[in-house]
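The file input.txt contains compact mmCIF, C-alpha atoms (C1' of nucleotides):
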```
# COMPACT_ATOMS: atom_id res chain seq x y z
CA MET I 170 8.94 16.34 -13.13
CA THR I 171 11.40 17.23 -10.41
CA SER I 172 13.70 19.63 -12.17
CA GLU I 173 14.91 19.34 -15.72
CA THR I 174 13.11 16.61 -17.56
CA ARG I 175 13.57 18.64 -20.72
CA SER I 176 16.68 18.88 -22.85
CA ARG I 177 19.07 16.42 -21.32
CA LYS I 178 21.69 15.31 -23.82
CA ARG I 179 22.36 11.62 -24.07
CA ASP I 180 24.06 11.34 -20.71
CA ALA I 181 23.74 7.93 -19.15
CA ALA I 182 24.67 8.97 -15.63
CA ALA I 183 22.35 11.96 -15.60
CA THR I 184 19.50 9.91 -17.04
CA ARG I 185 20.01 7.21 -14.45
CA ALA I 186 19.93 9.78 -11.69
CA ALA I 187 16.79 11.35 -13.12
CA ILE I 188 15.07 7.97 -13.20
CA LEU I 189 16.07 7.30 -9.61
CA ALA I 190 14.76 10.69 -8.48
CA SER I 191 11.48 10.09 -10.27
CA ALA I 192 11.26 6.63 -8.73
CA ARG I 193 11.64 8.10 -5.25
CA GLU I 194 8.78 10.48 -5.92
CA VAL I 195 6.43 7.95 -7.42
CA PHE I 196 7.21 5.17 -4.94
CA ALA I 197 6.66 7.64 -2.11
CA ARG I 198 3.32 8.69 -3.54
CA SER I 199 1.94 5.34 -4.67
CA GLY I 200 3.95 2.62 -2.98
CA TYR I 201 5.66 -0.35 -4.62
CA ASP I 202 2.62 -1.95 -6.20
CA GLY I 203 0.89 1.29 -7.09
CA ALA I 204 3.87 2.76 -8.90
CA GLY I 205 4.13 2.04 -12.60
CA LEU I 206 7.36 1.83 -14.52
CA ARG I 207 5.84 3.92 -17.30
CA GLU I 208 4.88 6.65 -14.82
CA ILE I 209 8.34 6.66 -13.28
CA ALA I 210 9.92 6.80 -16.71
CA ALA I 211 7.67 9.65 -17.83
CA GLY I 212 8.71 11.62 -14.76
CA ALA I 213 12.30 11.33 -15.92
CA GLY I 214 11.46 12.09 -19.54
CA VAL I 215 12.26 8.64 -20.87
CA THR I 216 10.43 5.42 -21.66
CA ALA I 217 9.77 2.49 -19.37
CA MET I 218 12.11 0.25 -21.28
CA LEU I 219 15.08 2.38 -20.42
CA VAL I 220 14.32 1.92 -16.77
CA ARG I 221 14.55 -1.82 -17.19
CA ARG I 222 17.73 -1.40 -19.14
CA TYR I 223 19.44 0.62 -16.41
CA PHE I 224 18.11 -1.08 -13.30
CA GLY I 225 17.26 -4.58 -14.47
CA GLY I 226 13.70 -4.56 -13.18
CA LYS I 227 11.24 -3.05 -10.81
CA GLU I 228 12.60 -4.77 -7.71
CA GLN I 229 16.13 -3.58 -8.21
CA LEU I 230 14.90 -0.07 -8.93
CA PHE I 231 12.88 -0.12 -5.72
CA ALA I 232 15.84 -1.32 -3.69
CA GLU I 233 18.00 1.50 -5.03
CA ALA I 234 15.26 4.06 -4.55
CA ILE I 235 14.62 3.11 -0.96
CA ALA I 236 18.31 3.12 -0.21
CA ALA I 237 18.67 6.58 -1.72
CA ALA I 238 15.62 7.92 0.09
CA ASN I 239 16.96 6.57 3.34
CA SER I 240 20.23 8.41 2.98
CA ALA I 241 18.09 11.29 4.19
CA PRO I 242 17.01 9.54 7.37
CA ILE I 243 13.46 9.33 8.66
CA ILE I 244 14.35 11.86 11.28
CA ALA I 245 17.48 13.93 11.18
CA THR I 246 19.38 12.23 13.95
CA GLU I 247 22.65 14.05 13.55
CA GLY I 248 23.34 16.07 16.61
CA VAL I 249 19.78 16.15 17.81
CA LEU I 250 20.42 13.41 20.34
CA LYS I 251 23.55 15.11 21.62
CA ASP I 252 21.62 18.24 22.35
CA GLU I 253 21.50 19.46 25.90
CA HIS I 254 17.77 18.75 25.96
CA PRO I 255 17.49 15.92 23.46
CA GLY I 256 13.81 15.29 24.12
CA ALA I 257 12.88 18.83 23.26
CA ALA I 258 15.21 18.81 20.29
CA ILE I 259 13.65 15.67 18.82
CA ALA I 260 10.13 16.95 19.45
CA GLN I 261 10.89 20.26 17.81
CA ALA I 262 12.56 18.64 14.82
CA LEU I 263 9.71 16.19 14.39
CA VAL I 264 6.98 18.81 14.58
CA GLN I 265 8.91 21.06 12.25
CA ILE I 266 9.61 18.35 9.70
CA THR I 267 6.02 17.15 9.60
CA GLU I 268 4.31 20.51 9.46
CA PRO I 269 1.15 20.18 7.36
CA GLY I 270 2.44 22.17 4.41
CA ALA I 271 5.77 20.37 4.25
CA LYS I 272 6.49 17.54 1.91
CA PRO I 273 6.67 14.26 3.84
CA LEU I 274 9.98 12.47 3.84
CA ASP I 275 10.28 10.04 0.96
CA GLY I 276 11.90 7.38 3.09
CA PHE I 277 8.97 7.15 5.43
CA LEU I 278 6.31 7.42 2.75
CA ILE I 279 7.86 4.70 0.62
CA LEU I 280 7.82 2.35 3.57
CA LEU I 281 4.31 3.27 4.60
CA ASN I 282 2.80 3.01 1.14
CA SER I 283 4.65 -0.18 0.28
CA ALA I 284 3.68 -2.03 3.42
CA SER I 285 1.21 -4.19 1.52
CA SER I 286 3.88 -5.71 -0.69
CA VAL I 287 5.63 -8.61 0.99
CA ARG I 288 8.83 -8.11 -0.94
CA ALA I 289 8.86 -4.36 -0.36
CA ALA I 290 8.18 -4.80 3.35
CA GLN I 291 11.15 -7.10 3.63
CA ILE I 292 13.43 -4.53 2.07
CA GLY I 293 11.88 -1.94 4.37
CA ARG I 294 12.64 -3.98 7.46
CA ASP I 295 16.27 -4.30 6.50
CA VAL I 296 16.52 -0.59 5.85
CA ILE I 297 14.94 0.42 9.16
CA GLU I 298 16.85 -2.15 11.15
CA CYS I 299 20.18 -1.22 9.70
CA ALA I 300 20.12 2.52 9.44
CA PRO I 301 17.89 4.56 11.71
CA GLN I 302 17.57 2.18 14.63
CA LYS I 303 21.27 1.44 14.87
CA THR I 304 22.03 5.14 14.59
CA VAL I 305 19.68 6.07 17.38
CA ALA I 306 20.67 3.14 19.56
CA ALA I 307 24.33 4.02 19.27
CA MET I 308 23.65 7.41 20.78
CA LEU I 309 21.75 6.16 23.80
CA GLU I 310 23.14 5.07 27.15
CA GLY I 311 21.88 2.84 29.92
CA GLU I 312 19.70 -0.23 29.67
CA ASN I 313 17.56 -1.50 26.80
CA VAL I 314 19.05 0.90 24.31
CA GLU I 315 17.77 -1.05 21.33
CA GLN I 316 14.22 -1.22 22.62
CA ARG I 317 14.25 2.46 23.51
CA ALA I 318 15.63 3.36 20.08
CA ALA I 319 12.89 1.29 18.47
CA LEU I 320 10.25 3.06 20.58
CA ILE I 321 11.62 6.45 19.58
CA LEU I 322 11.26 5.41 15.97
CA SER I 323 7.77 4.08 16.68
CA LEU I 324 6.64 7.40 18.07
CA VAL I 325 8.28 9.30 15.23
CA ALA I 326 6.71 7.03 12.62
CA GLY I 327 3.31 6.97 14.31
CA PHE I 328 3.25 10.74 14.59
CA GLN I 329 4.24 11.12 10.95
CA MET I 330 1.62 8.63 9.86
CA MET I 331 -1.21 10.22 11.82
CA ARG I 332 -0.19 13.76 11.01
CA GLN I 333 0.80 13.57 7.37
CA ALA I 334 -0.42 10.33 5.84
CA ILE I 335 -3.75 10.21 7.63
CA GLY I 336 -4.01 13.95 8.18
CA LEU I 337 -5.55 13.61 11.62
CA SER I 338 -6.93 17.06 12.30
CA ALA I 339 -5.96 17.16 15.98
CA LEU I 340 -2.34 16.92 14.86
CA ALA I 341 -2.49 18.70 11.53
CA ASP I 342 -4.35 21.81 12.66
CA SER I 343 -2.91 22.26 16.15
CA ASP I 344 -0.44 24.83 17.37
CA PRO I 345 3.04 23.37 16.86
CA LYS I 346 4.07 24.60 20.28
CA VAL I 347 1.36 22.52 21.93
CA LEU I 348 2.48 19.40 20.11
CA GLU I 349 6.10 20.09 20.98
CA ASN I 350 5.27 20.48 24.64
CA LEU I 351 3.34 17.23 24.63
CA LEU I 352 6.03 15.27 22.78
CA THR I 353 9.03 16.60 24.66
CA PRO I 354 8.59 14.70 27.95
CA LEU I 355 7.95 11.49 26.01
CA PHE I 356 11.19 11.69 24.09
CA GLU I 357 13.00 12.95 27.17
CA ARG I 358 11.94 9.84 28.99
CA LEU I 359 13.03 7.53 26.18
CA VAL I 360 16.39 9.20 25.71
CA LYS I 361 17.45 9.58 29.32
CA GLU I 362 15.60 6.70 30.92
CA VAL I 363 15.91 5.73 34.57
CA MET K 212 -11.11 -19.51 4.06
CA THR K 213 -12.12 -18.31 7.49
CA SER K 214 -14.61 -20.93 8.48
CA GLU K 215 -17.12 -22.64 6.25
CA THR K 216 -16.58 -21.80 2.64
CA ARG K 217 -17.94 -25.22 1.76
CA SER K 218 -21.58 -26.27 1.71
CA ARG K 219 -23.50 -23.10 2.25
CA LYS K 220 -27.01 -23.32 0.83
CA ARG K 221 -28.26 -20.46 -1.28
CA ASP K 222 -28.52 -18.00 1.59
CA ALA K 223 -28.06 -14.42 0.50
CA ALA K 224 -27.42 -13.00 3.97
CA ALA K 225 -24.89 -15.68 4.89
CA THR K 226 -23.12 -15.30 1.55
CA ARG K 227 -22.94 -11.55 1.97
CA ALA K 228 -21.45 -11.98 5.42
CA ALA K 229 -18.94 -14.50 4.11
CA ILE K 230 -17.84 -12.11 1.38
CA LEU K 231 -17.45 -9.30 3.91
CA ALA K 232 -15.37 -11.50 6.20
CA SER K 233 -13.14 -12.55 3.31
CA ALA K 234 -12.82 -8.93 2.25
CA ARG K 235 -11.59 -7.97 5.72
CA GLU K 236 -8.95 -10.66 5.56
CA VAL K 237 -7.72 -9.87 2.08
CA PHE K 238 -7.83 -6.09 2.47
CA ALA K 239 -5.89 -6.44 5.72
CA ARG K 240 -3.26 -8.58 4.01
CA SER K 241 -2.91 -6.78 0.70
CA GLY K 242 -4.46 -3.32 1.04
CA TYR K 243 -7.03 -1.72 -1.19
CA ASP K 244 -5.10 -1.81 -4.44
CA GLY K 245 -3.45 -5.14 -3.82
CA ALA K 246 -6.66 -6.97 -3.05
CA GLY K 247 -8.46 -8.55 -5.99
CA LEU K 248 -12.17 -9.08 -6.20
CA ARG K 249 -11.58 -12.59 -7.50
CA GLU K 250 -9.38 -13.43 -4.51
CA ILE K 251 -11.92 -12.06 -2.07
CA ALA K 252 -14.69 -13.99 -3.79
CA ALA K 253 -12.70 -17.21 -3.75
CA GLY K 254 -12.19 -16.82 -0.01
CA ALA K 255 -15.95 -16.78 0.39
CA GLY K 256 -16.49 -19.67 -2.02
CA VAL K 257 -18.19 -17.59 -4.70
CA THR K 258 -17.26 -15.78 -7.90
CA ALA K 259 -16.15 -12.19 -8.28
CA MET K 260 -19.33 -11.21 -10.05
CA LEU K 261 -21.43 -11.98 -7.04
CA VAL K 262 -19.37 -9.54 -5.03
CA ARG K 263 -20.23 -6.80 -7.45
CA ARG K 264 -23.85 -7.87 -7.37
CA TYR K 265 -24.06 -7.59 -3.57
CA PHE K 266 -21.86 -4.59 -2.90
CA GLY K 267 -22.04 -2.63 -6.13
CA GLY K 268 -18.30 -2.35 -6.61
CA LYS K 269 -14.89 -2.46 -4.97
CA GLU K 270 -15.15 0.92 -3.27
CA GLN K 271 -18.41 0.16 -1.54
CA LEU K 272 -17.11 -3.22 -0.45
CA PHE K 273 -14.01 -1.56 1.00
CA ALA K 274 -16.07 1.01 2.87
CA GLU K 275 -18.18 -1.72 4.44
CA ALA K 276 -15.16 -3.86 5.24
CA ILE K 277 -13.27 -1.06 6.95
CA ALA K 278 -16.36 -0.11 8.93
CA ALA K 279 -16.81 -3.70 10.05
CA ALA K 280 -13.15 -4.10 10.93
CA ASN K 281 -13.26 -0.92 12.93
CA SER K 282 -16.11 -2.13 15.07
CA ALA K 283 -13.30 -4.00 16.78
CA PRO K 284 -11.28 -0.89 17.53
CA ILE K 285 -7.57 -0.46 16.91
CA ILE K 286 -6.96 -0.78 20.61
CA ALA K 287 -9.54 -2.02 23.03
CA THR K 288 -10.36 1.25 24.72
CA GLU K 289 -13.24 0.08 26.80
CA GLY K 290 -12.39 0.32 30.43
CA VAL K 291 -8.68 0.47 29.91
CA LEU K 292 -8.61 4.24 30.33
CA LYS K 293 -10.72 4.07 33.47
CA ASP K 294 -8.22 1.75 35.09
CA GLU K 295 -6.54 2.88 38.26
CA HIS K 296 -3.23 2.97 36.41
CA PRO K 297 -4.36 3.69 32.84
CA GLY K 298 -0.85 4.07 31.49
CA ALA K 299 0.14 0.61 32.63
CA ALA K 300 -3.16 -0.82 31.45
CA ILE K 301 -2.75 0.58 27.93
CA ALA K 302 0.86 -0.54 27.75
CA GLN K 303 -0.02 -4.04 28.86
CA ALA K 304 -2.96 -4.30 26.46
CA LEU K 305 -0.87 -3.00 23.58
CA VAL K 306 2.04 -5.34 24.19
CA GLN K 307 -0.33 -8.26 24.63
CA ILE K 308 -2.36 -7.51 21.52
CA THR K 309 0.70 -7.11 19.32
CA GLU K 310 2.66 -10.10 20.52
CA PRO K 311 4.65 -11.54 17.61
CA GLY K 312 2.57 -14.68 17.24
CA ALA K 313 -0.76 -12.89 17.39
CA LYS K 314 -2.75 -11.92 14.35
CA PRO K 315 -2.63 -8.17 13.83
CA LEU K 316 -5.89 -6.30 14.07
CA ASP K 317 -7.63 -6.05 10.72
CA GLY K 318 -8.64 -2.45 11.27
CA PHE K 319 -5.07 -1.29 11.63
CA LEU K 320 -3.67 -3.45 8.85
CA ILE K 321 -6.29 -2.34 6.37
CA LEU K 322 -5.42 1.27 7.04
CA LEU K 323 -1.69 0.66 6.90
CA ASN K 324 -1.72 -1.37 3.73
CA SER K 325 -4.17 0.90 1.96
CA ALA K 326 -2.30 4.11 2.69
CA SER K 327 -1.08 4.35 -0.89
CA SER K 328 -4.58 4.63 -2.29
CA VAL K 329 -5.90 8.17 -2.13
CA ARG K 330 -9.50 7.08 -1.92
CA ALA K 331 -8.79 4.44 0.70
CA ALA K 332 -6.77 6.88 2.79
CA GLN K 333 -9.66 9.31 2.81
CA ILE K 334 -11.99 6.63 4.13
CA GLY K 335 -9.34 5.72 6.67
CA ARG K 336 -9.07 9.29 7.93
CA ASP K 337 -12.80 9.48 8.50
CA VAL K 338 -12.79 6.19 10.34
CA ILE K 339 -9.91 7.11 12.65
CA GLU K 340 -11.20 10.60 13.26
CA CYS K 341 -14.69 9.45 14.11
CA ALA K 342 -14.21 6.33 16.11
CA PRO K 343 -11.00 5.76 18.05
CA GLN K 344 -9.88 9.33 18.55
CA LYS K 345 -13.25 10.59 19.76
CA THR K 346 -13.54 7.61 22.08
CA VAL K 347 -10.15 8.18 23.65
CA ALA K 348 -10.58 11.95 23.82
CA ALA K 349 -13.90 11.60 25.59
CA MET K 350 -12.21 9.71 28.38
CA LEU K 351 -9.45 12.21 29.00
CA GLU K 352 -9.51 15.25 31.25
CA GLY K 353 -7.59 18.50 31.37
CA GLU K 354 -6.13 20.48 28.48
CA ASN K 355 -5.51 19.47 24.87
CA VAL K 356 -7.52 16.31 25.15
CA GLU K 357 -7.81 15.89 21.40
CA GLN K 358 -4.12 16.32 20.79
CA ARG K 359 -3.29 13.93 23.62
CA ALA K 360 -5.77 11.38 22.29
CA ALA K 361 -4.22 11.67 18.85
CA LEU K 362 -0.74 11.17 20.32
CA ILE K 363 -1.91 8.07 22.18
CA LEU K 364 -3.17 6.69 18.91
CA SER K 365 0.09 7.69 17.23
CA LEU K 366 2.13 5.72 19.70
CA VAL K 367 -0.22 2.75 19.50
CA ALA K 368 -0.15 2.78 15.72
CA GLY K 369 3.60 3.35 15.51
CA PHE K 370 4.29 0.51 17.92
CA GLN K 371 1.98 -1.80 16.00
CA MET K 372 3.59 -0.83 12.72
CA MET K 373 7.15 -1.33 13.91
CA ARG K 374 6.41 -4.50 15.83
CA GLN K 375 4.02 -6.36 13.58
CA ALA K 376 4.06 -4.86 10.11
CA ILE K 377 7.79 -4.18 9.95
CA GLY K 378 8.77 -6.83 12.45
CA LEU K 379 11.49 -4.73 14.02
CA SER K 380 13.50 -7.24 16.00
CA ALA K 381 14.08 -5.02 19.03
CA LEU K 382 10.33 -4.98 19.54
CA ALA K 383 9.39 -8.38 18.21
CA ASP K 384 11.97 -10.44 20.09
CA SER K 385 12.12 -8.53 23.37
CA ASP K 386 10.73 -9.50 26.75
CA PRO K 387 7.16 -8.17 26.90
CA LYS K 388 7.78 -6.95 30.44
CA VAL K 389 10.60 -4.70 29.29
CA LEU K 390 8.42 -3.15 26.62
CA GLU K 391 5.57 -2.69 29.05
CA ASN K 392 7.83 -0.94 31.52
CA LEU K 393 9.12 1.38 28.84
CA LEU K 394 5.68 2.20 27.44
CA THR K 395 3.88 2.68 30.75
CA PRO K 396 5.31 6.09 31.73
CA LEU K 397 4.70 7.40 28.21
CA PHE K 398 1.01 6.54 28.26
CA GLU K 399 0.77 7.63 31.89
CA ARG K 400 2.04 11.03 30.90
CA LEU K 401 -0.40 11.34 28.00
CA VAL K 402 -3.39 10.22 30.00
CA LYS K 403 -2.84 12.21 33.16
CA GLU K 404 -0.89 15.15 31.82
CA VAL K 405 0.48 17.99 33.90
C1' DC G 300 -45.35 -31.82 -8.89
C1' DG G 301 -44.10 -27.68 -11.47
C1' DG G 302 -43.44 -23.08 -12.38
C1' DA G 303 -41.34 -18.49 -10.65
C1' DC G 304 -37.94 -15.90 -8.84
C1' DA G 305 -33.90 -15.28 -6.44
C1' DA G 306 -29.02 -16.95 -6.16
C1' DG G 307 -25.07 -17.65 -8.47
C1' DT G 308 -21.96 -18.49 -12.80
C1' DC G 309 -19.97 -17.85 -17.68
C1' DT G 310 -17.73 -15.43 -21.14
C1' DA G 311 -15.74 -11.40 -22.37
C1' DC G 312 -14.52 -6.44 -22.74
C1' DG G 313 -11.03 -2.71 -22.41
C1' DA G 314 -7.27 -1.09 -19.75
C1' DT G 315 -2.87 -1.46 -17.57
C1' DC G 316 0.80 -3.99 -15.64
C1' DG G 317 6.05 -5.80 -16.09
C1' DT G 318 8.76 -7.61 -19.43
C1' DA G 319 11.11 -8.55 -23.95
C1' DG G 320 14.11 -8.07 -28.11
C1' DA G 321 14.66 -5.78 -32.32
C1' DG G 322 15.08 -1.42 -34.25
C1' DT G 323 16.40 3.73 -34.50
C1' DT G 324 19.01 7.93 -33.43
C1' DA G 325 22.35 10.98 -31.51
C1' DT G 326 27.06 11.63 -30.08
C1' DA G 327 32.07 11.50 -30.15
C1' DA G 328 36.32 9.78 -32.06
C1' DA G 329 38.99 9.17 -36.44
C1' DT V 121 32.61 13.92 -42.83
C1' DT V 122 32.26 9.26 -41.94
C1' DT V 123 31.42 5.62 -38.76
C1' DA V 124 31.12 2.84 -34.56
C1' DT V 125 28.77 2.54 -30.48
C1' DA V 126 26.26 3.87 -26.69
C1' DA V 127 21.70 5.87 -25.70
C1' DC V 128 17.17 5.44 -26.38
C1' DT V 129 12.45 3.99 -28.51
C1' DC V 130 8.89 0.94 -30.87
C1' DT V 131 5.78 -2.73 -30.99
C1' DA V 132 4.10 -6.41 -28.71
C1' DC V 133 3.24 -10.37 -25.53
C1' DG V 134 0.86 -12.62 -21.68
C1' DA V 135 -1.31 -11.84 -17.36
C1' DT V 136 -4.50 -9.64 -14.34
C1' DC V 137 -7.45 -5.99 -13.05
C1' DG V 138 -12.64 -4.12 -12.37
C1' DT V 139 -16.69 -4.27 -14.75
C1' DA V 140 -20.69 -5.85 -17.59
C1' DG V 141 -24.91 -8.34 -19.23
C1' DA V 142 -26.64 -12.71 -20.52
C1' DC V 143 -27.14 -17.14 -18.86
C1' DT V 144 -27.92 -21.25 -15.68
C1' DT V 145 -29.39 -23.44 -11.46
C1' DG V 146 -31.22 -24.22 -6.95
C1' DT V 147 -35.04 -23.46 -3.72
C1' DC V 148 -39.69 -22.54 -2.09
C1' DC V 149 -44.74 -21.65 -2.69
C1' DG V 150 -49.10 -23.04 -4.60
```

Entire entry expressed as structure tokens:
Amino acid sequence: MTSETRSRKRDAAATRAAILASAREVFARSGYDGAGLREIAAGAGVTAMLVRRYFGGKEQLFAEAIAAANSAPIIATEGVLKDEHPGAAIAQALVQITEPGAKPLDGFLILLNSASSVRAAQIGRDVIECAPQKTVAAMLEGENVEQRAALILSLVAGFQMMRQAIGLSALADSDPKVLENLLTPLFERLVKEV
Amino acid sequence: MTSETRSRKRDAAATRAAILASAREVFARSGYDGAGLREIAAGAGVTAMLVRRYFGGKEQLFAEAIAAANSAPIIATEGVLKDEHPGAAIAQALVQITEPGAKPLDGFLILLNSASSVRAAQIGRDVIECAPQKTVAAMLEGENVEQRAALILSLVAGFQMMRQAIGLSALADSDPKVLENLLTPLFERLVKEV
DNA sequence: CGGACAAGTCTACGATCGTAGAGTTATAAA
DNA sequence: TTTATAACTCTACGATCGTAGACTTGTCCG
């Protein structure tokens, strides 16, 4: 349903990519257990059996989908931490990314909605531990960089969850500037630290 | 499986309570979609059909379970905000409650694991909006109390998610004191504000 | 002691899930 | 144009889901 589900000549690579894109969408919307292979396949304009043929099974498809979704990280960390005022930069980026109308990031939604599946949660842990946390931690200085990186991610994830997934009105309907001003000193503190 | 699934005489009230307790457990572990009526019933030592008989259906059972689980709030807010150093008190309570060995709070887990279900998420929003946020907001002073209350909950929820649900090692394996010291100024800022 | 009514179970339905292998069709080289 | 092969679909299995009404059994009052 993403772009061109219609009229795709028998092109294995393109079909595979279309299935993966559809999987990202459906996994993000319904989580690992809630997503059906038939629904994913329909989104790519094929049948469920082709999915199995290309990816081997649901687990492998999920692993590839979550890896792909995570290539666009939970929060765009490039540069934002090197900013002159990193706290403000993170706050602004976070508020902007999660604005009520915007589409939530697949990577986060897949993790959130798949939390109930033991297998999916395990994959999720590996993904978070490897990619975003290491990235953030590498850019910090001082003591307890790993803990501070994890807390930055906690705040980012918690804010996303409350604002987008739950739709908490105090966050969804508020002036972005107010939220930015409240978040900035928190991130500032975590980035710079004593 | 909680306590006494064996040898309970034909007592409607006790059976109903046992089913509700089992439902809390299973919903917390597997989420709305992942939980099966048969599994819930087995945990209470009855059959699935009795669940339907007492609660009418899965949705009603879920609504009652989430309401019951939320009577023990996501974070114990009583008193903690009136502490002399509320930021430190919240941080300490949060770190203590989420210590790796401890059992996560049902209320939070049910919400987290049921996020993929549209219907369940709607119930979750109402629960969060009504109970914890209003409680926290009522105890704050100054400007933007609702936004600040929502951000406190965001940080609490994000920390719980990363530490317990995901099991992020930087949070799960770290010295509690370090985490407390990092969290304290964040909560302090949100509680007191400018 | 014995019936009445609540408490609880049995069997089964239709739907949907992931998976499976055999079958069909379009494409590209000869 | 013929043909080989990759691309793709069809039909179906076994399991599990929520739901449903008929059935059985334990408990308490008279």

Taking (22.6, 12.8, -26.5) in the file's coordinates as the center, which residues reach within 8 Å of it, counting only C-alpha atoms (C1' of nucleotides), put as a PyMOL selection string? (chain I and resi 177-180) or (chain G and resi 325-326) or (chain V and resi 127)

Extract, using all atoms listed in the file, all DNA, RNA and protein residues at most 8 Å from Ala368 of chain K, discarding same-chain residues fewer than 4 positions from it, and format them as an mmCIF file with C-alpha atoms, in the frame of the given file.
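In the end it all went to out_8.cif:
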```cif
data_model
loop_
_atom_site.group_PDB
_atom_site.id
_atom_site.type_symbol
_atom_site.label_atom_id
_atom_site.label_comp_id
_atom_site.auth_asym_id
_atom_site.auth_seq_id
_atom_site.Cartn_x
_atom_site.Cartn_y
_atom_site.Cartn_z
ATOM 1 C CA GLY I 327 3.310 6.970 14.310
ATOM 2 C CA PHE K 319 -5.070 -1.290 11.630
ATOM 3 C CA LEU K 364 -3.170 6.690 18.910
ATOM 4 C CA MET K 372 3.590 -0.830 12.720
#
```

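One finds atom CA of Val389 of chain K at 25.1 Å from atom CA of Gly293 of chain I.
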
Taking all atoms listed in the file into account, report as a PyMOL selection string which residues of chain I lie within 6 Å of chain K. chain I and resi 199-200+282+284-285+294+315-316+323-324+326-328+335+339+355

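Going from atom CA of Leu263 of chain I to atom CA of Leu189 of chain I covers 26.4 Å.
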
With a cut-off of 9 Å and counting all atoms listed in the file, select all residues of chain I in contact with chain V and give the selection as a compact mmCIF listing (two decimals) with C-alpha atoms, in the coordinates of the input.
```
# COMPACT_ATOMS: atom_id res chain seq x y z
CA ARG I 179 22.36 11.62 -24.07
CA ASP I 180 24.06 11.34 -20.71
CA ALA I 181 23.74 7.93 -19.15
CA VAL I 215 12.26 8.64 -20.87
CA THR I 216 10.43 5.42 -21.66
CA MET I 218 12.11 0.25 -21.28
CA LEU I 219 15.08 2.38 -20.42
```

Mind listing as number ranges by chain which residues of chain G are within 10 Å of chain K, counting all atoms listed in the file? G: 305-308

Just to confirm, what's the straight-line distance from atom CA of Asp317 of chain K to atom CA of Glu275 of chain K in Å (one decimal)?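 Distance reported for this atom pair: 13.0 Å.
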
Show me, as a list in words, the residues that have an atom within 10 Å of Leu272 of chain K when counting only C-alpha atoms (C1' of nucleotides), minus same-chain residues fewer than 4 positions from it.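 My list of contacting residues is Ile230, Leu231, Ala234, Arg235, Leu248, Val262, Arg263, Tyr265, Phe266, Gly267, Gly268, Ala276, Ile277 and Ala278 of chain K.
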